[in-house]
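What follows is one structure encoded as structure tokens, with my remarks underneath.
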Amino acid sequence: MSDAAIFQRRFEALSANVEDFIRGKPEVVRLALVCLLAEGHLLIEDVPGVAKTSLAKAIARSVAGAEVKRIQFTPDLLPSDVTGVQVYDQGRAKFEFRQGPVFTNILLGDEINRASPKTQSALLEVMAEGQVTVDGRPVPVPYPFLCIATQNPVEHQGTYALPEAQLDRFMMRISIGYPEELADEVSILSYGVTRRRPEELKSVMELDDLRLMIRAVRDQQVADNLREYVARVIRATRVHPDVELGVSPRGGIALVTAAQAYALSAGRPFVTADDVKSVAVPVLNHRLLLTPEARIQQRTTESVLLDVLATAPVPAGR
């Protein structure tokens, strides 16, 4: 069995386990797992009650040996509550660093936009570099470090909008939405009645397996013409008439990396333009800032990206 086939089998087992709790949302689950296997951080933005936190918990519970911690973001949360704090030890007559919840493999950041900008900024370094600076000394967090954050886009009282620098740290922004099929809604109601929780899911892989899958994504082949295609796409966002701020080079890297993981999830050892298109909207939609005129005309970042993808020349072959 090829390495790509082994990756696909593990991915499908992981996906099936999460879908056992998150009913009727296979593409949402796939995108979430692709994001995490591409070593990206995931922002789940949706209305209350659609299983944002449950999706994060289900993913975390599926990996045995992974350390999972949660931060409930509130307006009074301090940066030291996130990264850690120096505490004076009287017995040893010295300061010791007590690690914060970011020292984990999977961090669940619930309602991240309820924290102040100062506290939100405490995540910038660890999300980008996998470390926390303590008294000028970098302290690495466990590998892998994956942040799954949620936020409610319809409630603005007591919230702080995420700044562009913070949004850019997230590889993907996705939404879950309401159940589409009646049978899925009935299953969700049954889970609620029986008090079933995502913590009851069984683990389907070890942390070392997750590390191997992440390493496989890193080694995935990306042809030169695919890299040029991605470069054309992100450059087109910067000159689009409806866009005030286009995609950064970091966004381009995220798009390639997500396409690598998406291709492997389908059992292919190479990336195609279709893989890029499949992940382009969730990877790029939160990295665009539309002009005031475009917002008045009720244009969306998704519609702009679809325009760009429709007009960008697709490379020949794979």
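FYI, nothing fancy with the structure tokens labels: chains A, B, ... in order, residues from 1 per chain, ligands from 1 as they appear.
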Within 8 Å of range 116-124 of chain A, counting only C-alpha atoms, which residues qualify if same-chain residues fewer than 6 places away don't, as a PyMOL selection string? chain A and resi 74-79+82-83+159-160+162-163+165-166+169
Return as an MDAnalysis selection string the full set of residues in range 67-175 of chain A whose backbone-based DSSP assignment is alpha helix (DSSP H). chainID A and resid 79:83 117:120 124:129 164:167
Saved selection, atoms kept: all heavy atoms, as a CSV table (one decimal), in the first residue's frame:
chain,number,residue,atom,x,y,z
A,79,PRO,N,-3.3,38.3,29.4
A,79,PRO,CA,-2.3,37.6,28.6
A,79,PRO,C,-1.6,36.5,29.4
A,79,PRO,O,-1.3,35.4,28.8
A,79,PRO,CB,-1.3,38.7,28.2
A,79,PRO,CG,-2.1,40.0,28.2
A,79,PRO,CD,-3.1,39.8,29.3
A,80,SER,N,-1.3,36.7,30.6
A,80,SER,CA,-0.6,35.7,31.4
A,80,SER,C,-1.5,34.5,31.7
A,80,SER,O,-1.0,33.4,31.9
A,80,SER,CB,-0.1,36.3,32.8
A,80,SER,OG,-1.2,36.8,33.5
A,81,ASP,N,-2.8,34.7,31.6
A,81,ASP,CA,-3.7,33.5,31.7
A,81,ASP,C,-3.6,32.6,30.5
A,81,ASP,O,-4.1,31.5,30.6
A,81,ASP,CB,-5.2,34.0,31.9
A,81,ASP,CG,-5.4,34.8,33.2
A,81,ASP,OD1,-4.7,34.5,34.2
A,81,ASP,OD2,-6.2,35.7,33.2
A,82,VAL,N,-3.1,33.1,29.4
A,82,VAL,CA,-3.0,32.4,28.2
A,82,VAL,C,-1.6,31.7,28.1
A,82,VAL,O,-1.5,30.5,27.8
A,82,VAL,CB,-3.3,33.3,27.0
A,82,VAL,CG1,-3.0,32.5,25.7
A,82,VAL,CG2,-4.7,33.8,27.1
A,83,THR,N,-0.6,32.5,28.2
A,83,THR,CA,0.8,32.1,28.0
A,83,THR,C,1.5,31.5,29.2
A,83,THR,O,2.4,30.7,29.1
A,83,THR,CB,1.7,33.2,27.4
A,83,THR,OG1,1.7,34.3,28.3
A,83,THR,CG2,1.1,33.7,26.1
A,117,PRO,N,-8.3,43.0,23.0
A,117,PRO,CA,-7.2,42.9,22.0
A,117,PRO,C,-5.8,42.5,22.6
A,117,PRO,O,-5.0,41.8,22.0
A,117,PRO,CB,-7.2,44.3,21.4
A,117,PRO,CG,-8.6,44.7,21.5
A,117,PRO,CD,-9.0,44.2,22.8
A,118,LYS,N,-5.6,43.0,23.8
A,118,LYS,CA,-4.3,42.7,24.5
A,118,LYS,C,-4.1,41.3,24.8
A,118,LYS,O,-3.1,40.7,24.6
A,118,LYS,CB,-4.2,43.5,25.8
A,118,LYS,CG,-2.9,43.4,26.6
A,118,LYS,CD,-2.9,44.2,27.9
A,118,LYS,CE,-1.6,44.1,28.6
A,118,LYS,NZ,-1.6,44.9,29.8
A,119,THR,N,-5.2,40.6,25.2
A,119,THR,CA,-5.2,39.2,25.5
A,119,THR,C,-5.1,38.4,24.2
A,119,THR,O,-4.4,37.4,24.1
A,119,THR,CB,-6.4,38.8,26.3
A,119,THR,OG1,-6.4,39.5,27.6
A,119,THR,CG2,-6.3,37.3,26.6
A,120,GLN,N,-5.9,38.8,23.2
A,120,GLN,CA,-5.8,38.2,21.9
A,120,GLN,C,-4.4,38.1,21.3
A,120,GLN,O,-4.0,37.1,20.8
A,120,GLN,CB,-6.8,38.9,20.9
A,120,GLN,CG,-8.2,38.7,21.2
A,120,GLN,CD,-9.1,39.5,20.2
A,120,GLN,OE1,-8.6,39.9,19.2
A,120,GLN,NE2,-10.4,39.6,20.5
A,124,LEU,N,-0.5,35.6,19.3
A,124,LEU,CA,0.2,35.8,18.0
A,124,LEU,C,1.5,35.0,17.9
A,124,LEU,O,1.7,34.4,16.9
A,124,LEU,CB,0.4,37.3,17.8
A,124,LEU,CG,-0.8,38.2,17.7
A,124,LEU,CD1,-0.4,39.7,17.6
A,124,LEU,CD2,-1.6,37.8,16.4
A,125,GLU,N,2.4,35.1,18.9
A,125,GLU,CA,3.7,34.5,18.8
A,125,GLU,C,3.5,33.0,18.7
A,125,GLU,O,4.1,32.3,17.9
A,125,GLU,CB,4.6,34.9,19.9
A,125,GLU,CG,5.9,34.3,19.8
A,125,GLU,CD,6.8,34.6,21.1
A,125,GLU,OE1,6.3,35.1,22.1
A,125,GLU,OE2,8.0,34.2,21.0
A,126,VAL,N,2.7,32.4,19.6
A,126,VAL,CA,2.7,31.0,19.7
A,126,VAL,C,2.0,30.4,18.5
A,126,VAL,O,2.4,29.3,18.0
A,126,VAL,CB,2.0,30.5,21.0
A,126,VAL,CG1,0.5,30.9,21.0
A,126,VAL,CG2,2.1,29.0,21.3
A,127,MET,N,1.0,31.1,17.9
A,127,MET,CA,0.4,30.5,16.7
A,127,MET,C,1.3,30.6,15.5
A,127,MET,O,1.2,29.7,14.6
A,127,MET,CB,-0.9,31.3,16.5
A,127,MET,CG,-2.0,31.1,17.5
A,127,MET,SD,-3.5,32.1,17.2
A,127,MET,CE,-4.1,31.4,15.6
A,128,ALA,N,2.1,31.6,15.4
A,128,ALA,CA,3.0,31.7,14.3
A,128,ALA,C,4.3,31.0,14.4
A,128,ALA,O,4.8,30.4,13.4
A,128,ALA,CB,3.3,33.2,14.0
A,129,GLU,N,4.8,30.9,15.6
A,129,GLU,CA,6.2,30.3,15.8
A,129,GLU,C,6.3,29.1,16.7
A,129,GLU,O,7.3,28.5,16.9
A,129,GLU,CB,7.1,31.4,16.3
A,129,GLU,CG,7.2,32.7,15.4
A,129,GLU,CD,8.0,33.8,16.0
A,129,GLU,OE1,9.0,33.5,16.7
A,129,GLU,OE2,7.6,35.0,15.9
A,164,GLU,N,-6.7,42.1,12.0
A,164,GLU,CA,-6.2,41.5,10.8
A,164,GLU,C,-5.0,40.6,11.1
A,164,GLU,O,-4.9,39.4,10.5
A,164,GLU,CB,-5.8,42.5,9.7
A,164,GLU,CG,-7.0,43.3,9.2
A,164,GLU,CD,-8.1,42.5,8.6
A,164,GLU,OE1,-7.9,41.5,8.0
A,164,GLU,OE2,-9.3,42.9,8.9
A,165,ALA,N,-4.1,41.0,11.9
A,165,ALA,CA,-2.9,40.2,12.2
A,165,ALA,C,-3.3,38.9,12.9
A,165,ALA,O,-2.7,37.9,12.7
A,165,ALA,CB,-2.0,41.0,13.1
A,166,GLN,N,-4.3,38.9,13.8
A,166,GLN,CA,-4.8,37.7,14.4
A,166,GLN,C,-5.5,36.8,13.4
A,166,GLN,O,-5.3,35.6,13.4
A,166,GLN,CB,-5.7,38.1,15.6
A,166,GLN,CG,-6.3,36.9,16.3
A,166,GLN,CD,-5.2,36.3,17.2
A,166,GLN,OE1,-4.7,37.0,18.1
A,166,GLN,NE2,-4.9,35.0,17.1
A,167,LEU,N,-6.4,37.4,12.6
A,167,LEU,CA,-7.1,36.6,11.6
A,167,LEU,C,-6.1,35.8,10.7
A,167,LEU,O,-6.3,34.7,10.3
A,167,LEU,CB,-8.0,37.4,10.8
A,167,LEU,CG,-9.4,37.8,11.5
A,167,LEU,CD1,-10.1,38.8,10.6
A,167,LEU,CD2,-10.2,36.6,11.7
Could the residues of range 126-236 of chain A that have an atom at most 9 Å from range 37-41 of chain A be listed as a tab-separated table, each with its closest atom pair and the distance in Å to one decimal, counting only C-alpha atoms and ordered by chain and ascending residue number?
residue	atom	partner	partner_atom	distance
A:Met127	CA	A:His41	CA	7.4
A:Pro144	CA	A:Glu39	CA	7.5
A:Phe145	CA	A:Glu39	CA	7.8
A:Leu146	CA	A:His41	CA	5.7
A:Cys147	CA	A:His41	CA	4.9
A:Ile148	CA	A:His41	CA	6.0
A:Ala149	CA	A:His41	CA	8.0
A:Arg169	CA	A:His41	CA	7.1
A:Phe170	CA	A:His41	CA	4.7
A:Met171	CA	A:Gly40	CA	4.9
A:Met172	CA	A:His41	CA	6.8
A:Arg173	CA	A:His41	CA	9.0
A:Leu210	CA	A:Leu37	CA	7.5
A:Arg211	CA	A:Leu37	CA	8.5
A:Met213	CA	A:Leu37	CA	6.6
A:Ile214	CA	A:Leu37	CA	5.1
A:Arg215	CA	A:Leu37	CA	8.7
A:Val217	CA	A:Ala38	CA	6.4
A:Arg218	CA	A:Ala38	CA	7.7
Residues within 8 Å of range 25-29 of chain A, only C-alpha atoms, excluding chain neighbours under 6 positions, as a ChimeraX atom specification: /A:15,18-19,55,174-176,179
Do a neighbour search on Arg9 in chain A at 12 Å with only C-alpha atoms, toss out local chain neighbours closer than 2 positions, and write the hits as a ChimeraX atom specification. /A:1-7,11-16,204-205,209,213,264-268
In range 85-151 of chain A, DSSP strand (DSSP E) residues written as an mmCIF file with all heavy atoms, in the first residue's frame:
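The resulting file, result_27.cif, is reproduced below:
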data_model
loop_
_atom_site.group_PDB
_atom_site.id
_atom_site.type_symbol
_atom_site.label_atom_id
_atom_site.label_comp_id
_atom_site.auth_asym_id
_atom_site.auth_seq_id
_atom_site.Cartn_x
_atom_site.Cartn_y
_atom_site.Cartn_z
ATOM 1 N N VAL A 85 2.863 32.593 33.570
ATOM 2 C CA VAL A 85 3.269 33.692 34.430
ATOM 3 C C VAL A 85 4.503 33.302 35.243
ATOM 4 O O VAL A 85 4.695 32.125 35.572
ATOM 5 C CB VAL A 85 2.108 34.095 35.372
ATOM 6 C CG1 VAL A 85 1.752 32.951 36.318
ATOM 7 C CG2 VAL A 85 2.417 35.361 36.143
ATOM 8 N N GLN A 86 5.332 34.301 35.542
ATOM 9 C CA GLN A 86 6.489 34.083 36.412
ATOM 10 C C GLN A 86 6.036 34.188 37.879
ATOM 11 O O GLN A 86 5.411 35.168 38.273
ATOM 12 C CB GLN A 86 7.563 35.139 36.141
ATOM 13 C CG GLN A 86 8.228 35.008 34.780
ATOM 14 C CD GLN A 86 9.376 34.022 34.797
ATOM 15 O OE1 GLN A 86 9.255 32.929 35.336
ATOM 16 N NE2 GLN A 86 10.492 34.405 34.219
ATOM 17 N N VAL A 87 6.340 33.168 38.670
ATOM 18 C CA VAL A 87 5.942 33.119 40.079
ATOM 19 C C VAL A 87 7.189 32.993 40.933
ATOM 20 O O VAL A 87 8.079 32.175 40.635
ATOM 21 C CB VAL A 87 4.981 31.940 40.347
ATOM 22 C CG1 VAL A 87 4.636 31.865 41.832
ATOM 23 C CG2 VAL A 87 3.721 32.076 39.509
ATOM 24 N N TYR A 88 7.246 33.781 42.002
ATOM 25 C CA TYR A 88 8.425 33.753 42.883
ATOM 26 C C TYR A 88 8.311 32.588 43.857
ATOM 27 O O TYR A 88 7.328 32.440 44.589
ATOM 28 C CB TYR A 88 8.544 35.057 43.659
ATOM 29 C CG TYR A 88 9.806 35.148 44.484
ATOM 30 C CD1 TYR A 88 11.046 35.334 43.882
ATOM 31 C CD2 TYR A 88 9.761 35.041 45.871
ATOM 32 C CE1 TYR A 88 12.207 35.405 44.628
ATOM 33 C CE2 TYR A 88 10.914 35.115 46.637
ATOM 34 C CZ TYR A 88 12.134 35.303 46.010
ATOM 35 O OH TYR A 88 13.280 35.383 46.750
ATOM 36 N N ASP A 89 9.317 31.730 43.849
ATOM 37 C CA ASP A 89 9.394 30.587 44.757
ATOM 38 C C ASP A 89 10.247 30.997 45.955
ATOM 39 O O ASP A 89 11.475 31.134 45.839
ATOM 40 C CB ASP A 89 10.014 29.399 44.028
ATOM 41 C CG ASP A 89 9.998 28.122 44.880
ATOM 42 O OD1 ASP A 89 9.954 28.224 46.118
ATOM 43 O OD2 ASP A 89 10.016 27.034 44.286
ATOM 44 N N LYS A 94 13.852 32.200 43.891
ATOM 45 C CA LYS A 94 13.970 32.509 42.471
ATOM 46 C C LYS A 94 12.584 32.470 41.816
ATOM 47 O O LYS A 94 11.634 31.894 42.367
ATOM 48 C CB LYS A 94 14.892 31.513 41.771
ATOM 49 C CG LYS A 94 14.410 30.070 41.844
ATOM 50 C CD LYS A 94 15.395 29.109 41.196
ATOM 51 C CE LYS A 94 15.499 29.330 39.713
ATOM 52 N NZ LYS A 94 16.329 28.286 39.038
ATOM 53 N N PHE A 95 12.505 33.102 40.655
ATOM 54 C CA PHE A 95 11.255 33.085 39.892
ATOM 55 C C PHE A 95 11.187 31.818 39.044
ATOM 56 O O PHE A 95 12.184 31.381 38.471
ATOM 57 C CB PHE A 95 11.148 34.317 38.988
ATOM 58 C CG PHE A 95 10.747 35.570 39.721
ATOM 59 C CD1 PHE A 95 11.713 36.448 40.201
ATOM 60 C CD2 PHE A 95 9.407 35.861 39.936
ATOM 61 C CE1 PHE A 95 11.349 37.594 40.873
ATOM 62 C CE2 PHE A 95 9.041 37.003 40.609
ATOM 63 C CZ PHE A 95 10.002 37.882 41.081
ATOM 64 N N GLU A 96 9.993 31.253 38.969
ATOM 65 C CA GLU A 96 9.752 30.093 38.127
ATOM 66 C C GLU A 96 8.603 30.397 37.174
ATOM 67 O O GLU A 96 7.661 31.100 37.528
ATOM 68 C CB GLU A 96 9.405 28.860 38.973
ATOM 69 C CG GLU A 96 10.575 28.297 39.757
ATOM 70 C CD GLU A 96 10.227 26.970 40.411
ATOM 71 O OE1 GLU A 96 9.018 26.625 40.429
ATOM 72 O OE2 GLU A 96 11.139 26.292 40.899
ATOM 73 N N PHE A 97 8.710 29.857 35.989
ATOM 74 C CA PHE A 97 7.672 30.069 34.991
ATOM 75 C C PHE A 97 6.633 28.960 35.084
ATOM 76 O O PHE A 97 6.963 27.780 34.982
ATOM 77 C CB PHE A 97 8.289 30.098 33.588
ATOM 78 C CG PHE A 97 7.273 30.260 32.493
ATOM 79 C CD1 PHE A 97 6.511 31.414 32.390
ATOM 80 C CD2 PHE A 97 7.077 29.246 31.569
ATOM 81 C CE1 PHE A 97 5.570 31.555 31.386
ATOM 82 C CE2 PHE A 97 6.143 29.384 30.550
ATOM 83 C CZ PHE A 97 5.386 30.546 30.460
ATOM 84 N N ARG A 98 5.402 29.363 35.331
ATOM 85 C CA ARG A 98 4.291 28.412 35.346
ATOM 86 C C ARG A 98 3.583 28.489 33.996
ATOM 87 O O ARG A 98 3.054 29.532 33.619
ATOM 88 C CB ARG A 98 3.319 28.720 36.487
ATOM 89 C CG ARG A 98 3.917 28.450 37.858
ATOM 90 C CD ARG A 98 2.882 28.513 38.947
ATOM 91 N NE ARG A 98 3.465 28.212 40.249
ATOM 92 C CZ ARG A 98 2.802 28.286 41.395
ATOM 93 N NH1 ARG A 98 1.519 28.668 41.400
ATOM 94 N NH2 ARG A 98 3.401 27.987 42.532
ATOM 95 N N GLN A 99 3.615 27.385 33.291
ATOM 96 C CA GLN A 99 3.099 27.362 31.931
ATOM 97 C C GLN A 99 1.593 27.617 31.877
ATOM 98 O O GLN A 99 0.837 27.141 32.732
ATOM 99 C CB GLN A 99 3.411 26.015 31.280
ATOM 100 C CG GLN A 99 4.902 25.738 31.125
ATOM 101 C CD GLN A 99 5.169 24.402 30.482
ATOM 102 O OE1 GLN A 99 4.270 23.576 30.341
ATOM 103 N NE2 GLN A 99 6.410 24.170 30.075
ATOM 104 N N ILE A 106 -3.374 20.429 21.513
ATOM 105 C CA ILE A 106 -4.577 20.999 20.907
ATOM 106 C C ILE A 106 -5.190 21.982 21.891
ATOM 107 O O ILE A 106 -5.555 21.615 23.005
ATOM 108 C CB ILE A 106 -5.594 19.908 20.532
ATOM 109 C CG1 ILE A 106 -4.971 18.923 19.537
ATOM 110 C CG2 ILE A 106 -6.850 20.528 19.938
ATOM 111 C CD1 ILE A 106 -5.876 17.760 19.165
ATOM 112 N N LEU A 107 -5.285 23.233 21.474
ATOM 113 C CA LEU A 107 -5.841 24.291 22.319
ATOM 114 C C LEU A 107 -7.224 24.658 21.802
ATOM 115 O O LEU A 107 -7.389 25.024 20.634
ATOM 116 C CB LEU A 107 -4.934 25.521 22.296
ATOM 117 C CG LEU A 107 -5.452 26.743 23.075
ATOM 118 C CD1 LEU A 107 -5.446 26.458 24.579
ATOM 119 C CD2 LEU A 107 -4.604 27.974 22.766
ATOM 120 N N LEU A 108 -8.217 24.556 22.666
ATOM 121 C CA LEU A 108 -9.573 24.960 22.315
ATOM 122 C C LEU A 108 -9.806 26.365 22.863
ATOM 123 O O LEU A 108 -9.824 26.564 24.080
ATOM 124 C CB LEU A 108 -10.602 23.992 22.908
ATOM 125 C CG LEU A 108 -10.384 22.490 22.622
ATOM 126 C CD1 LEU A 108 -11.519 21.673 23.210
ATOM 127 C CD2 LEU A 108 -10.259 22.246 21.138
ATOM 128 N N GLY A 109 -9.934 27.326 21.976
ATOM 129 C CA GLY A 109 -10.179 28.708 22.384
ATOM 130 C C GLY A 109 -11.638 29.051 22.153
ATOM 131 O O GLY A 109 -12.046 29.353 21.019
ATOM 132 N N ASP A 110 -12.439 28.995 23.193
ATOM 133 C CA ASP A 110 -13.882 29.185 23.051
ATOM 134 C C ASP A 110 -14.233 30.671 23.119
ATOM 135 O O ASP A 110 -13.827 31.377 24.047
ATOM 136 C CB ASP A 110 -14.621 28.414 24.154
ATOM 137 C CG ASP A 110 -16.079 28.174 23.811
ATOM 138 O OD1 ASP A 110 -16.419 28.181 22.611
ATOM 139 O OD2 ASP A 110 -16.881 27.984 24.735
ATOM 140 N N GLN A 131 6.088 29.012 19.975
ATOM 141 C CA GLN A 131 6.888 29.286 21.165
ATOM 142 C C GLN A 131 6.308 30.480 21.913
ATOM 143 O O GLN A 131 5.509 31.237 21.384
ATOM 144 C CB GLN A 131 8.338 29.595 20.790
ATOM 145 C CG GLN A 131 8.492 30.887 19.988
ATOM 146 C CD GLN A 131 9.932 31.216 19.649
ATOM 147 O OE1 GLN A 131 10.734 30.327 19.437
ATOM 148 N NE2 GLN A 131 10.260 32.501 19.604
ATOM 149 N N VAL A 132 6.740 30.607 23.167
ATOM 150 C CA VAL A 132 6.382 31.750 24.009
ATOM 151 C C VAL A 132 7.684 32.355 24.528
ATOM 152 O O VAL A 132 8.565 31.620 24.995
ATOM 153 C CB VAL A 132 5.495 31.319 25.191
ATOM 154 C CG1 VAL A 132 5.278 32.474 26.161
ATOM 155 C CG2 VAL A 132 4.151 30.793 24.688
ATOM 156 N N THR A 133 7.827 33.648 24.437
ATOM 157 C CA THR A 133 9.031 34.312 24.931
ATOM 158 C C THR A 133 8.840 34.693 26.395
ATOM 159 O O THR A 133 7.907 35.418 26.743
ATOM 160 C CB THR A 133 9.343 35.566 24.103
ATOM 161 O OG1 THR A 133 9.574 35.172 22.744
ATOM 162 C CG2 THR A 133 10.590 36.259 24.627
ATOM 163 N N VAL A 134 9.723 34.187 27.251
ATOM 164 C CA VAL A 134 9.666 34.441 28.694
ATOM 165 C C VAL A 134 10.965 35.104 29.112
ATOM 166 O O VAL A 134 12.045 34.496 29.002
ATOM 167 C CB VAL A 134 9.457 33.129 29.486
ATOM 168 C CG1 VAL A 134 9.391 33.428 30.980
ATOM 169 C CG2 VAL A 134 8.215 32.410 29.009
ATOM 170 N N ARG A 137 13.603 34.865 26.623
ATOM 171 C CA ARG A 137 14.034 33.507 26.272
ATOM 172 C C ARG A 137 12.887 32.752 25.628
ATOM 173 O O ARG A 137 11.797 32.645 26.205
ATOM 174 C CB ARG A 137 14.494 32.772 27.533
ATOM 175 C CG ARG A 137 14.954 31.341 27.317
ATOM 176 C CD ARG A 137 15.527 30.774 28.608
ATOM 177 N NE ARG A 137 14.549 30.846 29.692
ATOM 178 C CZ ARG A 137 13.687 29.872 29.972
ATOM 179 N NH1 ARG A 137 13.677 28.762 29.243
ATOM 180 N NH2 ARG A 137 12.854 29.997 30.980
ATOM 181 N N PRO A 138 13.071 32.203 24.416
ATOM 182 C CA PRO A 138 11.991 31.454 23.769
ATOM 183 C C PRO A 138 11.778 30.090 24.426
ATOM 184 O O PRO A 138 12.732 29.348 24.672
ATOM 185 C CB PRO A 138 12.477 31.304 22.324
ATOM 186 C CG PRO A 138 13.965 31.376 22.422
ATOM 187 C CD PRO A 138 14.275 32.314 23.566
ATOM 188 N N VAL A 139 10.532 29.785 24.730
ATOM 189 C CA VAL A 139 10.177 28.494 25.320
ATOM 190 C C VAL A 139 9.222 27.801 24.349
ATOM 191 O O VAL A 139 8.102 28.270 24.144
ATOM 192 C CB VAL A 139 9.502 28.658 26.695
ATOM 193 C CG1 VAL A 139 9.166 27.289 27.288
ATOM 194 C CG2 VAL A 139 10.391 29.444 27.637
ATOM 195 N N PRO A 140 9.637 26.694 23.716
ATOM 196 C CA PRO A 140 8.775 26.036 22.734
ATOM 197 C C PRO A 140 7.589 25.335 23.394
ATOM 198 O O PRO A 140 7.697 24.819 24.512
ATOM 199 C CB PRO A 140 9.708 25.032 22.053
ATOM 200 C CG PRO A 140 10.782 24.761 23.065
ATOM 201 C CD PRO A 140 10.949 26.033 23.841
ATOM 202 N N LEU A 146 -1.787 22.932 17.824
ATOM 203 C CA LEU A 146 -2.900 23.263 16.944
ATOM 204 C C LEU A 146 -3.951 24.020 17.750
ATOM 205 O O LEU A 146 -4.372 23.563 18.815
ATOM 206 C CB LEU A 146 -3.515 21.992 16.356
ATOM 207 C CG LEU A 146 -2.527 21.016 15.693
ATOM 208 C CD1 LEU A 146 -3.216 19.680 15.400
ATOM 209 C CD2 LEU A 146 -1.961 21.610 14.423
ATOM 210 N N CYS A 147 -4.363 25.163 17.246
ATOM 211 C CA CYS A 147 -5.364 25.978 17.931
ATOM 212 C C CYS A 147 -6.676 25.907 17.155
ATOM 213 O O CYS A 147 -6.708 26.174 15.948
ATOM 214 C CB CYS A 147 -4.895 27.434 18.033
ATOM 215 S SG CYS A 147 -6.118 28.549 18.778
ATOM 216 N N ILE A 148 -7.736 25.541 17.855
ATOM 217 C CA ILE A 148 -9.082 25.550 17.282
ATOM 218 C C ILE A 148 -9.889 26.569 18.073
ATOM 219 O O ILE A 148 -10.164 26.366 19.257
ATOM 220 C CB ILE A 148 -9.749 24.167 17.358
ATOM 221 C CG1 ILE A 148 -8.853 23.094 16.742
ATOM 222 C CG2 ILE A 148 -11.103 24.185 16.657
ATOM 223 C CD1 ILE A 148 -9.401 21.679 16.882
ATOM 224 N N ALA A 149 -10.237 27.665 17.434
ATOM 225 C CA ALA A 149 -10.942 28.749 18.118
ATOM 226 C C ALA A 149 -12.349 28.885 17.555
ATOM 227 O O ALA A 149 -12.602 28.589 16.385
ATOM 228 C CB ALA A 149 -10.180 30.066 17.959
ATOM 229 N N THR A 150 -13.267 29.354 18.401
ATOM 230 C CA THR A 150 -14.638 29.603 17.951
ATOM 231 C C THR A 150 -14.996 31.056 18.230
ATOM 232 O O THR A 150 -14.433 31.692 19.134
ATOM 233 C CB THR A 150 -15.644 28.690 18.671
ATOM 234 O OG1 THR A 150 -15.753 29.084 20.059
ATOM 235 C CG2 THR A 150 -15.218 27.233 18.602
ATOM 236 N N GLN A 151 -15.916 31.566 17.435
ATOM 237 C CA GLN A 151 -16.463 32.882 17.727
ATOM 238 C C GLN A 151 -17.859 32.995 17.131
ATOM 239 O O GLN A 151 -18.212 32.319 16.161
ATOM 240 C CB GLN A 151 -15.569 34.005 17.222
ATOM 241 C CG GLN A 151 -15.496 34.195 15.728
ATOM 242 C CD GLN A 151 -14.745 35.470 15.350
ATOM 243 O OE1 GLN A 151 -14.276 36.221 16.204
ATOM 244 N NE2 GLN A 151 -14.618 35.720 14.074
#
